[in-house]
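**Q** CSV, C-alpha atoms, file input.csv:
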chain,number,residue,atom,x,y,z
A,27,MET,CA,222.3,21.4,194.1
A,28,SER,CA,222.6,24.9,192.7
A,29,LYS,CA,225.1,27.4,194.1
A,30,THR,CA,223.2,29.5,196.6
A,31,GLY,CA,225.6,31.4,198.8
A,32,ALA,CA,227.9,34.4,198.4
A,33,MET,CA,231.0,32.2,198.6
A,34,ASP,CA,229.6,29.8,196.0
A,35,LEU,CA,229.1,32.8,193.7
A,36,ALA,CA,232.6,34.2,194.4
A,37,SER,CA,234.3,30.8,193.8
A,38,GLY,CA,232.6,30.4,190.4
A,39,LEU,CA,233.2,33.8,189.1
A,40,GLY,CA,235.2,33.7,185.9
A,41,GLY,CA,234.5,30.0,185.3
A,42,LYS,CA,237.7,28.3,183.8
A,43,ILE,CA,239.4,31.7,183.3
A,44,GLU,CA,242.3,32.3,185.6
A,45,LYS,CA,241.2,34.7,188.3
A,46,SER,CA,244.0,37.1,187.4
A,47,ASP,CA,242.8,37.1,183.8
A,48,VAL,CA,239.1,37.9,184.4
A,49,LEU,CA,239.4,41.6,184.0
A,50,SER,CA,241.2,41.3,180.6
A,51,ALA,CA,238.6,38.8,179.5
A,52,VAL,CA,235.8,41.3,180.4
A,53,ASP,CA,237.6,43.9,178.4
A,54,LYS,CA,237.9,41.7,175.3
A,55,TYR,CA,234.3,40.5,175.6
A,56,GLU,CA,232.9,44.0,175.9
A,57,LYS,CA,234.8,45.1,172.8
A,58,TYR,CA,232.9,42.7,170.7
A,59,HIS,CA,229.7,44.6,171.1
A,60,VAL,CA,228.1,47.7,169.6
A,61,CYS,CA,228.0,49.6,172.9
A,62,HIS,CA,231.8,49.5,172.9
A,63,GLY,CA,232.4,50.0,169.2
A,64,GLY,CA,232.3,46.3,168.2
A,65,GLU,CA,231.1,45.0,164.8
A,66,GLU,CA,228.5,42.3,164.1
A,67,GLU,CA,230.9,40.6,161.6
A,68,ASP,CA,233.6,40.2,164.3
A,69,ARG,CA,231.0,38.7,166.7
A,70,LYS,CA,229.9,36.2,164.1
A,71,SER,CA,233.5,35.2,162.9
A,72,ASP,CA,234.7,34.9,166.5
A,73,TYR,CA,231.4,33.7,168.0
A,74,SER,CA,233.0,30.7,169.7
A,75,ASP,CA,235.5,32.8,171.7
A,76,MET,CA,232.9,35.5,172.4
A,77,VAL,CA,230.3,33.0,173.7
A,78,ASN,CA,232.9,31.0,175.7
A,79,LYS,CA,234.1,34.1,177.4
A,80,TYR,CA,230.5,35.2,178.1
A,81,TYR,CA,229.6,31.9,179.8
A,82,ASP,CA,232.8,31.7,181.8
A,83,LEU,CA,232.0,35.2,183.1
A,84,VAL,CA,228.3,34.9,183.8
A,85,THR,CA,227.5,31.2,184.7
A,86,SER,CA,228.0,31.7,188.4
A,87,PHE,CA,225.7,34.8,188.3
A,88,TYR,CA,223.1,32.8,186.4
A,89,GLU,CA,223.1,29.9,188.8
A,90,PHE,CA,223.0,32.2,191.8
A,91,GLY,CA,219.9,34.1,190.3
A,92,TRP,CA,218.0,31.5,188.2
A,93,GLY,CA,219.0,28.1,189.6
A,94,GLU,CA,219.9,25.3,187.2
A,95,SER,CA,217.7,26.3,184.3
A,96,PHE,CA,218.7,29.5,182.6
A,97,HIS,CA,215.6,30.4,180.6
A,98,PHE,CA,212.3,32.3,180.6
A,99,ALA,CA,208.9,30.6,180.3
A,100,HIS,CA,205.2,31.0,179.3
A,101,ARG,CA,203.5,31.5,182.6
A,102,TRP,CA,200.0,31.1,184.0
A,103,LYS,CA,198.5,33.2,186.7
A,104,GLY,CA,199.0,31.6,190.1
A,105,GLU,CA,202.0,29.7,188.8
A,106,SER,CA,205.5,30.4,190.3
A,107,LEU,CA,208.5,31.1,188.1
A,108,LYS,CA,210.0,27.7,189.0
A,109,GLU,CA,206.8,25.9,188.2
A,110,SER,CA,206.5,27.6,184.8
A,111,ILE,CA,210.1,26.8,183.9
A,112,LYS,CA,209.5,23.1,184.6
A,113,ARG,CA,206.3,23.1,182.6
A,114,HIS,CA,208.1,24.9,179.7
A,115,GLU,CA,210.6,22.0,179.7
A,116,HIS,CA,207.9,19.3,179.9
A,117,PHE,CA,206.1,21.0,177.0
A,118,LEU,CA,209.1,20.3,174.8
A,119,ALA,CA,209.1,16.6,175.7
A,120,LEU,CA,205.3,16.3,174.9
A,121,GLN,CA,205.7,18.1,171.6
A,122,LEU,CA,208.6,15.9,170.5
A,123,GLY,CA,206.5,12.8,171.4
A,124,VAL,CA,209.6,11.0,172.9
A,125,LYS,CA,209.3,7.5,174.3
A,126,PRO,CA,211.2,5.9,177.2
A,127,GLY,CA,214.7,4.8,176.3
A,128,GLN,CA,215.1,7.0,173.3
A,129,LYS,CA,218.2,9.1,172.6
A,130,VAL,CA,217.7,12.9,172.8
A,131,LEU,CA,220.1,15.8,172.1
A,132,ASP,CA,220.0,19.1,174.0
A,133,VAL,CA,221.8,21.7,171.8
A,134,GLY,CA,223.4,24.3,174.0
A,135,CYS,CA,222.5,22.7,177.3
A,136,GLY,CA,224.0,25.1,179.9
A,137,ILE,CA,224.7,23.4,183.2
A,138,GLY,CA,222.0,20.8,182.3
A,139,GLY,CA,219.0,21.9,184.4
A,140,PRO,CA,216.5,21.3,181.5
A,141,LEU,CA,218.3,18.2,180.4
A,142,ARG,CA,217.8,16.6,183.9
A,143,GLU,CA,214.2,17.7,184.0
A,144,PHE,CA,213.5,16.4,180.5
A,145,ALA,CA,215.2,13.0,181.2
A,146,ARG,CA,213.3,12.5,184.5
A,147,PHE,CA,210.0,13.5,182.9
A,148,SER,CA,210.3,11.4,179.8
A,149,SER,CA,212.6,8.5,180.9
A,150,THR,CA,214.9,9.2,178.0
A,151,SER,CA,218.7,9.4,177.7
A,152,VAL,CA,219.7,13.0,177.0
A,153,THR,CA,223.1,14.2,175.7
A,154,GLY,CA,223.9,17.8,176.4
A,155,LEU,CA,226.0,19.6,173.7
A,156,ASN,CA,228.0,22.5,175.0
A,157,ASN,CA,231.2,24.3,174.1
A,158,ASN,CA,232.0,25.7,177.5
A,159,GLU,CA,234.2,23.6,179.7
A,160,TYR,CA,233.2,25.2,183.0
A,161,GLN,CA,229.5,24.6,182.4
A,162,ILE,CA,230.1,21.0,181.5
A,163,SER,CA,232.1,20.4,184.7
A,164,ARG,CA,229.2,21.9,186.7
A,165,GLY,CA,226.7,19.9,184.7
A,166,LYS,CA,228.5,16.6,185.4
A,167,GLU,CA,228.6,17.3,189.1
A,168,LEU,CA,224.9,18.2,189.2
A,169,ASN,CA,224.0,15.1,187.1
A,170,ARG,CA,225.8,12.9,189.7
A,171,ILE,CA,224.0,14.6,192.6
A,172,ALA,CA,220.6,14.2,190.8
A,173,GLY,CA,221.4,10.5,190.1
A,174,VAL,CA,221.0,10.8,186.3
A,175,ASP,CA,224.7,10.4,185.4
A,176,LYS,CA,224.1,6.9,184.0
A,177,THR,CA,221.5,8.1,181.4
A,178,CYS,CA,222.6,11.7,180.8
A,179,ASP,CA,225.9,13.0,179.6
A,180,PHE,CA,227.7,15.9,178.1
A,181,VAL,CA,229.8,16.4,175.0
A,182,LYS,CA,232.1,19.4,174.6
A,183,ALA,CA,231.7,20.6,171.0
A,184,ASP,CA,230.6,23.5,168.7
A,185,PHE,CA,227.0,23.1,167.6
A,186,MET,CA,228.0,24.3,164.1
A,187,LYS,CA,230.3,21.2,163.8
A,188,MET,CA,228.8,18.4,165.8
A,189,PRO,CA,230.9,15.3,166.4
A,190,PHE,CA,228.1,12.8,165.9
A,191,PRO,CA,227.3,10.5,163.0
A,192,ASP,CA,224.3,11.2,160.7
A,193,ASN,CA,220.9,10.0,161.9
A,194,SER,CA,222.0,9.6,165.6
A,195,TYR,CA,219.2,11.0,167.6
A,196,ASP,CA,215.5,10.2,168.1
A,197,ALA,CA,214.7,13.9,169.0
A,198,VAL,CA,216.6,17.2,169.3
A,199,TYR,CA,215.7,20.3,171.2
A,200,ALA,CA,217.2,23.7,172.0
A,201,ILE,CA,216.1,26.2,174.7
A,202,GLU,CA,217.2,29.8,174.1
A,203,ALA,CA,220.6,28.5,172.9
A,204,THR,CA,220.9,28.4,169.1
A,205,CYS,CA,220.5,32.2,169.2
A,206,HIS,CA,224.3,32.1,169.9
A,207,ALA,CA,224.9,30.6,166.4
A,208,PRO,CA,226.5,33.0,163.9
A,209,ASP,CA,224.3,31.5,161.2
A,210,ALA,CA,220.9,29.9,161.8
A,211,TYR,CA,220.9,27.9,158.6
A,212,GLY,CA,224.3,26.3,159.4
A,213,CYS,CA,223.2,25.4,162.9
A,214,TYR,CA,219.8,23.9,161.8
A,215,LYS,CA,221.5,22.0,159.0
A,216,GLU,CA,223.8,20.3,161.6
A,217,ILE,CA,220.8,19.4,163.7
A,218,TYR,CA,219.0,18.1,160.6
A,219,ARG,CA,222.0,15.9,159.9
A,220,VAL,CA,222.2,14.2,163.3
A,221,LEU,CA,218.4,13.7,163.7
A,222,LYS,CA,216.9,10.5,162.5
A,223,PRO,CA,214.5,10.6,159.5
A,224,GLY,CA,210.9,11.1,160.4
A,225,GLN,CA,211.8,12.6,163.8
A,226,TYR,CA,211.4,16.0,165.4
A,227,PHE,CA,213.3,19.1,166.4
A,228,ALA,CA,211.7,21.6,168.8
A,229,ALA,CA,213.2,24.9,170.0
A,230,TYR,CA,212.6,28.2,171.8
A,231,GLU,CA,214.4,30.9,170.0
A,232,TRP,CA,215.4,34.5,171.0
A,233,CYS,CA,214.2,36.7,168.2
A,234,MET,CA,213.2,40.2,167.3
A,235,THR,CA,209.6,40.3,166.3
A,236,ASP,CA,207.9,42.0,163.3
A,237,ALA,CA,207.3,45.0,165.6
A,238,PHE,CA,211.1,45.7,165.6
A,239,ASP,CA,212.0,48.7,163.5
A,240,PRO,CA,215.7,48.7,162.5
A,241,ASN,CA,215.5,52.4,161.8
A,242,ASN,CA,214.3,53.2,165.3
A,243,GLN,CA,217.3,54.2,167.5
A,244,ASN,CA,215.6,53.2,170.7
A,245,HIS,CA,214.8,49.7,169.2
A,246,GLN,CA,218.5,49.4,168.2
A,247,LYS,CA,219.6,50.4,171.7
A,248,ILE,CA,217.4,47.7,173.3
A,249,LYS,CA,218.7,45.1,170.8
A,250,ALA,CA,222.4,46.1,171.6
A,251,GLU,CA,221.8,45.9,175.3
A,252,ILE,CA,220.4,42.4,175.0
A,253,GLU,CA,223.3,41.3,172.7
A,254,ILE,CA,226.0,42.5,175.1
A,255,GLY,CA,224.2,41.2,178.2
A,256,ASP,CA,223.5,37.8,176.7
A,257,GLY,CA,226.5,36.9,174.5
A,258,LEU,CA,224.7,37.2,171.2
A,259,PRO,CA,226.4,37.9,167.8
A,260,ASP,CA,223.0,39.2,166.4
A,261,ILE,CA,219.3,38.7,167.2
A,262,ARG,CA,217.4,37.3,164.2
A,263,LEU,CA,213.8,38.1,163.2
A,264,THR,CA,211.3,35.2,163.7
A,265,THR,CA,210.9,35.1,159.9
A,266,LYS,CA,214.6,34.5,159.4
A,267,CYS,CA,214.5,31.5,161.8
A,268,LEU,CA,211.6,30.1,159.9
A,269,GLU,CA,213.3,30.6,156.5
A,270,ALA,CA,216.5,28.9,157.8
A,271,LEU,CA,214.6,25.9,159.1
A,272,LYS,CA,213.0,25.3,155.7
A,273,GLN,CA,216.3,25.9,153.9
A,274,ALA,CA,217.9,23.3,156.1
A,275,GLY,CA,215.3,20.7,154.9
A,276,PHE,CA,212.8,20.7,157.8
A,277,GLU,CA,209.1,20.5,157.5
A,278,VAL,CA,207.6,23.0,159.9
A,279,VAL,CA,204.8,21.4,161.8
A,280,TRP,CA,203.8,24.6,163.7
A,281,GLU,CA,205.3,27.7,165.0
A,282,LYS,CA,204.2,30.5,167.4
A,283,ASP,CA,205.6,33.3,169.6
A,284,LEU,CA,204.4,31.9,172.9
A,285,ALA,CA,205.1,35.3,174.6
A,286,VAL,CA,202.1,36.8,172.8
A,287,ASP,CA,199.4,35.1,174.9
A,288,SER,CA,201.3,34.4,178.2
A,289,PRO,CA,198.9,35.5,181.0
A,290,VAL,CA,201.9,36.6,183.1
A,291,PRO,CA,204.5,38.6,181.1
A,292,TRP,CA,207.7,36.5,180.6
A,293,TYR,CA,209.9,39.5,181.6
A,294,LEU,CA,208.0,40.1,184.9
A,295,PRO,CA,210.8,38.5,187.2
A,296,LEU,CA,213.2,41.2,185.9
A,297,ASP,CA,210.8,44.2,185.9
A,298,LYS,CA,211.8,46.8,188.5
A,299,SER,CA,208.1,47.4,189.4
A,300,HIS,CA,207.8,43.7,190.4
A,301,PHE,CA,208.6,42.1,193.7
A,302,SER,CA,208.6,38.4,194.6
A,303,LEU,CA,210.0,36.5,197.5
A,304,SER,CA,210.1,33.2,195.5
A,305,SER,CA,212.4,34.8,192.8
A,306,PHE,CA,213.8,37.5,195.0
A,307,ARG,CA,217.3,37.4,193.5
A,308,LEU,CA,215.9,38.4,190.1
A,309,THR,CA,214.0,41.4,191.4
A,310,ALA,CA,215.5,44.9,191.3
A,311,VAL,CA,216.1,44.8,195.1
A,312,GLY,CA,217.7,41.4,194.8
A,313,ARG,CA,219.9,42.5,191.9
A,314,PHE,CA,220.9,45.6,193.9
A,315,MET,CA,221.9,43.5,196.8
A,316,THR,CA,223.9,41.1,194.6
A,317,LYS,CA,225.6,44.0,193.0
A,318,ASN,CA,226.8,45.4,196.4
A,319,MET,CA,227.7,41.9,197.6
A,320,VAL,CA,229.9,41.4,194.4
A,321,LYS,CA,231.4,44.8,195.0
A,322,ALA,CA,232.4,43.9,198.6
A,323,LEU,CA,233.7,40.4,197.5
A,324,GLU,CA,235.8,42.0,194.8
A,325,PHE,CA,237.1,44.7,197.2
A,326,VAL,CA,238.3,42.1,199.8
A,327,GLY,CA,239.8,39.9,197.0
A,328,LEU,CA,237.4,37.0,197.3
A,329,ALA,CA,236.0,37.7,193.8
A,330,PRO,CA,238.3,38.5,190.8
A,331,LYS,CA,238.7,42.0,189.5
A,332,GLY,CA,236.2,42.6,186.7
A,333,SER,CA,233.3,40.8,188.5
A,334,GLN,CA,231.4,44.1,189.0
A,335,ARG,CA,231.7,44.9,185.3
A,336,VAL,CA,230.1,41.5,184.5
A,337,GLN,CA,227.3,42.4,187.0
A,338,ASP,CA,226.9,45.7,185.2
A,339,PHE,CA,226.4,44.3,181.7
A,340,LEU,CA,224.0,41.7,183.1
A,341,GLU,CA,222.0,44.5,184.6
A,342,LYS,CA,222.0,46.3,181.3
A,343,ALA,CA,220.7,43.1,179.7
A,344,ALA,CA,217.9,42.9,182.2
A,345,GLU,CA,216.8,46.5,181.4
A,346,GLY,CA,216.9,45.7,177.6
A,347,LEU,CA,215.0,42.5,178.0
A,348,VAL,CA,212.2,44.2,180.0
A,349,GLU,CA,212.0,47.1,177.6
A,350,GLY,CA,212.1,44.8,174.6
A,351,GLY,CA,209.3,42.7,176.2
A,352,LYS,CA,207.1,45.7,177.0
A,353,LYS,CA,207.4,47.1,173.5
A,354,GLU,CA,206.8,43.6,172.1
A,355,ILE,CA,209.9,43.9,169.8
A,356,PHE,CA,211.7,41.0,171.4
A,357,THR,CA,210.7,37.4,172.4
A,358,PRO,CA,212.7,34.7,174.2
A,359,MET,CA,210.2,32.0,173.2
A,360,TYR,CA,209.5,31.9,169.5
A,361,PHE,CA,208.6,28.2,169.5
A,362,PHE,CA,208.7,25.8,166.5
A,363,LEU,CA,208.2,22.1,166.0
A,364,ALA,CA,209.9,20.8,162.8
A,365,ARG,CA,210.2,17.3,161.3
A,366,LYS,CA,213.0,15.7,159.3
A,367,PRO,CA,211.2,14.0,156.3
A,368,GLU,CA,211.5,10.2,156.0
Just give me the structure as structure tokens.

**A**
Amino acid sequence: MSKTGAMDLASGLGGKIEKSDVLSAVDKYEKYHVCHGGEEEDRKSDYSDMVNKYYDLVTSFYEFGWGESFHFAHRWKGESLKESIKRHEHFLALQLGVKPGQKVLDVGCGIGGPLREFARFSSTSVTGLNNNEYQISRGKELNRIAGVDKTCDFVKADFMKMPFPDNSYDAVYAIEATCHAPDAYGCYKEIYRVLKPGQYFAAYEWCMTDAFDPNNQNHQKIKAEIEIGDGLPDIRLTTKCLEALKQAGFEVVWEKDLAVDSPVPWYLPLDKSHFSLSSFRLTAVGRFMTKNMVKALEFVGLAPKGSQRVQDFLEKAAEGLVEGGKKEIFTPMYFFLARKPE
């Protein structure tokens, strides 16, 4: 069961970071980013530290707002956000063509919401790869509650250096996760190595689209807001992801930015002009209430110092995501299906 109350949120803030060290962790995390004078090369060379700090700081907020699956989705009219997220996950299973009993790898699995849904939908055994200790501890607890702890597990490791033998998995997928990799080719090459020959890798990638103009200051500002608010060393163009896949040895079966023809804009839950009771905590009103709740919890000492700062850069990210979506310069769902040759 996801954390749903104020005390649940307060108890999880900071993840595995000592509560007294949260403020200094926020300082160090922010300094990685352009808005605070940080350099892309530092974010790439220290990506593991940066991404770990990010998820220690934000996971409790994510779970409070999103539930167990921290991602966007292609959405039909009349479909709730929760329904679209599940369908987005089922779509991966169908595209991969998995069969009951097969071994599947989820690269960058968060607290395992998609992993559990994928396993129940496809009757497969799914291993979640994650380098954040706090998220793995939450994921194991949620697996036990869901009753999938016998078929699903977690491995703490860096997806640039996976601790698995060659040709280990029948299928691999990643949902808005490999965008944290400092080098797409290096990450895809590792996925290629652990995937069995003739089998498939499918992913949703966070990317800048062809409409992104690197010489446009407003476009760069939006990109920087998304990077700091979402723990990213850089956001690649869709074309760069495609090049890296091919360079890693994959045959690309098909690829498409699924945001382009989504009947309901993917960013709608975060748009300040939108209101929804079913996803209330993601709306502008819901985020405002969460911000004030966190402020009060920090003031009385129930939330660690620095919690408001985390809420602030998450709010900045929400604004950047909405603007990036409206201008069509950013997508969180560049989809591809790729095959490792026999």

**Q** Given the choices A:Leu49, A:Glu94, A:Met186, A:Arg101, which gets closest to Arg142 (chain A) if the distance is worked out from all atoms listed in the file?

**A**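 For Arg142 (chain A), the nearest of the candidates is A:Glu94.
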
**Q** By how many Å are CA of Tyr360 (chain A) and CA of Asp239 (chain A) apart?

**A**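 Separating CA of Tyr360 (chain A) from CA of Asp239 (chain A) is a distance of 18.0 Å.
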
**Q** Mind checking which residues fall within 6 Å of region 276-280 of chain A, counting all atoms listed in the file, ignoring those fewer than 4 positions away in the same chain, and posting them as a ChimeraX atom specification?

**A** /A:271-272,362-366

**Q** Go ahead and dump the residues you just picked, C-alpha atoms, as an mmCIF file, in the coordinates of the input.

**A**
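Final output, saved to result.cif:
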data_model
loop_
_atom_site.group_PDB
_atom_site.id
_atom_site.type_symbol
_atom_site.label_atom_id
_atom_site.label_comp_id
_atom_site.auth_asym_id
_atom_site.auth_seq_id
_atom_site.Cartn_x
_atom_site.Cartn_y
_atom_site.Cartn_z
ATOM 1 C CA LEU A 271 214.600 25.900 159.100
ATOM 2 C CA LYS A 272 213.000 25.300 155.700
ATOM 3 C CA PHE A 362 208.700 25.800 166.500
ATOM 4 C CA LEU A 363 208.200 22.100 166.000
ATOM 5 C CA ALA A 364 209.900 20.800 162.800
ATOM 6 C CA ARG A 365 210.200 17.300 161.300
ATOM 7 C CA LYS A 366 213.000 15.700 159.300
#

**Q** Name all residues at most 12 Å from His245 (chain A) (count only C-alpha atoms; drop same-chain ones fewer than 4 positions away) and give them as a count of residues only.

**A** 22

**Q** From the set A:Ser149, A:Gly173, A:Ala183, A:Phe227, which residue has the shortest atom-to-atom contact distance to Leu131 (chain A), counting all atoms listed in the file?

**A**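 Smallest distance to Leu131 (chain A) is found for A:Phe227.
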
**Q** Might you pull out every residue within 12 Å of Lys54 (chain A), with all atoms listed in the file counted and same-chain residues fewer than 2 positions away left off, and present them as a PDB file with C-alpha atoms, in the coordinates of the input?

**A**
ATOM      1  CA  ASP A  47     242.800  37.100 183.800  1.00  0.00           C
ATOM      2  CA  VAL A  48     239.100  37.900 184.400  1.00  0.00           C
ATOM      3  CA  LEU A  49     239.400  41.600 184.000  1.00  0.00           C
ATOM      4  CA  SER A  50     241.200  41.300 180.600  1.00  0.00           C
ATOM      5  CA  ALA A  51     238.600  38.800 179.500  1.00  0.00           C
ATOM      6  CA  VAL A  52     235.800  41.300 180.400  1.00  0.00           C
ATOM      7  CA  GLU A  56     232.900  44.000 175.900  1.00  0.00           C
ATOM      8  CA  LYS A  57     234.800  45.100 172.800  1.00  0.00           C
ATOM      9  CA  TYR A  58     232.900  42.700 170.700  1.00  0.00           C
ATOM     10  CA  HIS A  59     229.700  44.600 171.100  1.00  0.00           C
ATOM     11  CA  HIS A  62     231.800  49.500 172.900  1.00  0.00           C
ATOM     12  CA  GLY A  63     232.400  50.000 169.200  1.00  0.00           C
ATOM     13  CA  GLY A  64     232.300  46.300 168.200  1.00  0.00           C
ATOM     14  CA  ASP A  68     233.600  40.200 164.300  1.00  0.00           C
ATOM     15  CA  ARG A  69     231.000  38.700 166.700  1.00  0.00           C
ATOM     16  CA  ASP A  72     234.700  34.900 166.500  1.00  0.00           C
ATOM     17  CA  ASP A  75     235.500  32.800 171.700  1.00  0.00           C
ATOM     18  CA  MET A  76     232.900  35.500 172.400  1.00  0.00           C
ATOM     19  CA  VAL A  77     230.300  33.000 173.700  1.00  0.00           C
ATOM     20  CA  ASN A  78     232.900  31.000 175.700  1.00  0.00           C
ATOM     21  CA  LYS A  79     234.100  34.100 177.400  1.00  0.00           C
ATOM     22  CA  TYR A  80     230.500  35.200 178.100  1.00  0.00           C
ATOM     23  CA  LEU A  83     232.000  35.200 183.100  1.00  0.00           C
ATOM     24  CA  ILE A 254     226.000  42.500 175.100  1.00  0.00           C
ATOM     25  CA  GLY A 332     236.200  42.600 186.700  1.00  0.00           C
TER      26      GLY A 332
END

**Q** Quick one: pull the distance between CA of Met359 (chain A) and CA of Arg262 (chain A), Å, one decimal.

**A**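 Here the two named atoms are 12.7 Å from each other.
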
**Q** Looking at A:Val198, A:Ala322, A:Cys213, A:Leu168, which one is nearest to Gln273 (chain A), with distances taken over only C-alpha atoms?

**A** A:Cys213

**Q** Show me a table, sorted first by chain and then by increasing residue number, of the residues of region 31-114 of chain A having an atom at most 7 Å from region 156-163 of chain A, each with its shortest atom pair and the distance in Å to one decimal, counting all atoms listed in the file and written as a Markdown table.

**A**
| residue | atom | partner | partner_atom | distance |
| --- | --- | --- | --- | --- |
| A:Gly41 | CA | A:Tyr160 | CA | 5.5 |
| A:Lys42 | CA | A:Tyr160 | CA | 5.5 |
| A:Asn78 | CA | A:Asn158 | CA | 5.7 |
| A:Asp82 | CA | A:Tyr160 | CA | 6.6 |

**Q** Check the smallest atom-to-atom distance from each of A:Asp283, A:Glu202, A:Asp338, A:Glu109 to Gly136 (chain A) using only C-alpha atoms, then report the winner.

**A**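 Closest candidate: A:Glu202.
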
**Q** Using only C-alpha atoms, give me every residue within 12 Å of (220.5, 3.5, 183.0) in file coordinates, as JSON, numbers by chain.

**A** {"A": [126, 127, 128, 145, 146, 149, 150, 151, 152, 173, 174, 175, 176, 177, 178, 179]}

**Q** Output: region 117-128 of chain A of the preceding structure, restricted to N, CA, C and O atoms, written as a compact mmCIF listing (two decimals), in the first residue's frame.

**A**
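selection_17.txt was written with the following content:
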# COMPACT_ATOMS: atom_id res chain seq x y z
N PHE A 117 1.08 -2.32 -22.05
CA PHE A 117 1.53 -2.16 -23.44
C PHE A 117 2.95 -2.69 -23.61
O PHE A 117 3.26 -3.35 -24.62
N LEU A 118 3.82 -2.43 -22.64
CA LEU A 118 5.18 -2.94 -22.70
C LEU A 118 5.21 -4.46 -22.73
O LEU A 118 5.94 -5.07 -23.52
N ALA A 119 4.41 -5.08 -21.86
CA ALA A 119 4.37 -6.55 -21.81
C ALA A 119 3.91 -7.13 -23.14
O ALA A 119 4.46 -8.12 -23.63
N LEU A 120 2.92 -6.49 -23.74
CA LEU A 120 2.40 -6.97 -25.02
C LEU A 120 3.43 -6.78 -26.13
O LEU A 120 3.62 -7.66 -26.98
N GLN A 121 4.11 -5.66 -26.14
CA GLN A 121 5.12 -5.40 -27.16
C GLN A 121 6.31 -6.36 -27.05
O GLN A 121 6.86 -6.80 -28.05
N LEU A 122 6.66 -6.70 -25.83
CA LEU A 122 7.78 -7.61 -25.60
C LEU A 122 7.43 -9.06 -25.90
O LEU A 122 8.31 -9.90 -26.09
N GLY A 123 6.12 -9.35 -25.95
CA GLY A 123 5.68 -10.71 -26.27
C GLY A 123 6.10 -11.75 -25.25
O GLY A 123 6.39 -12.90 -25.59
N VAL A 124 6.12 -11.35 -23.97
CA VAL A 124 6.57 -12.27 -22.92
C VAL A 124 5.56 -13.40 -22.69
O VAL A 124 4.36 -13.25 -22.93
N LYS A 125 6.08 -14.52 -22.18
CA LYS A 125 5.25 -15.70 -21.89
C LYS A 125 5.36 -16.02 -20.40
O LYS A 125 6.37 -15.71 -19.75
N PRO A 126 4.31 -16.65 -19.84
CA PRO A 126 4.33 -17.00 -18.41
C PRO A 126 5.60 -17.76 -18.02
O PRO A 126 6.06 -18.64 -18.76
N GLY A 127 6.17 -17.38 -16.89
CA GLY A 127 7.35 -18.05 -16.37
C GLY A 127 8.67 -17.48 -16.84
O GLY A 127 9.73 -17.85 -16.31
N GLN A 128 8.65 -16.59 -17.84
CA GLN A 128 9.91 -16.03 -18.33
C GLN A 128 10.52 -15.04 -17.33
O GLN A 128 9.82 -14.49 -16.47
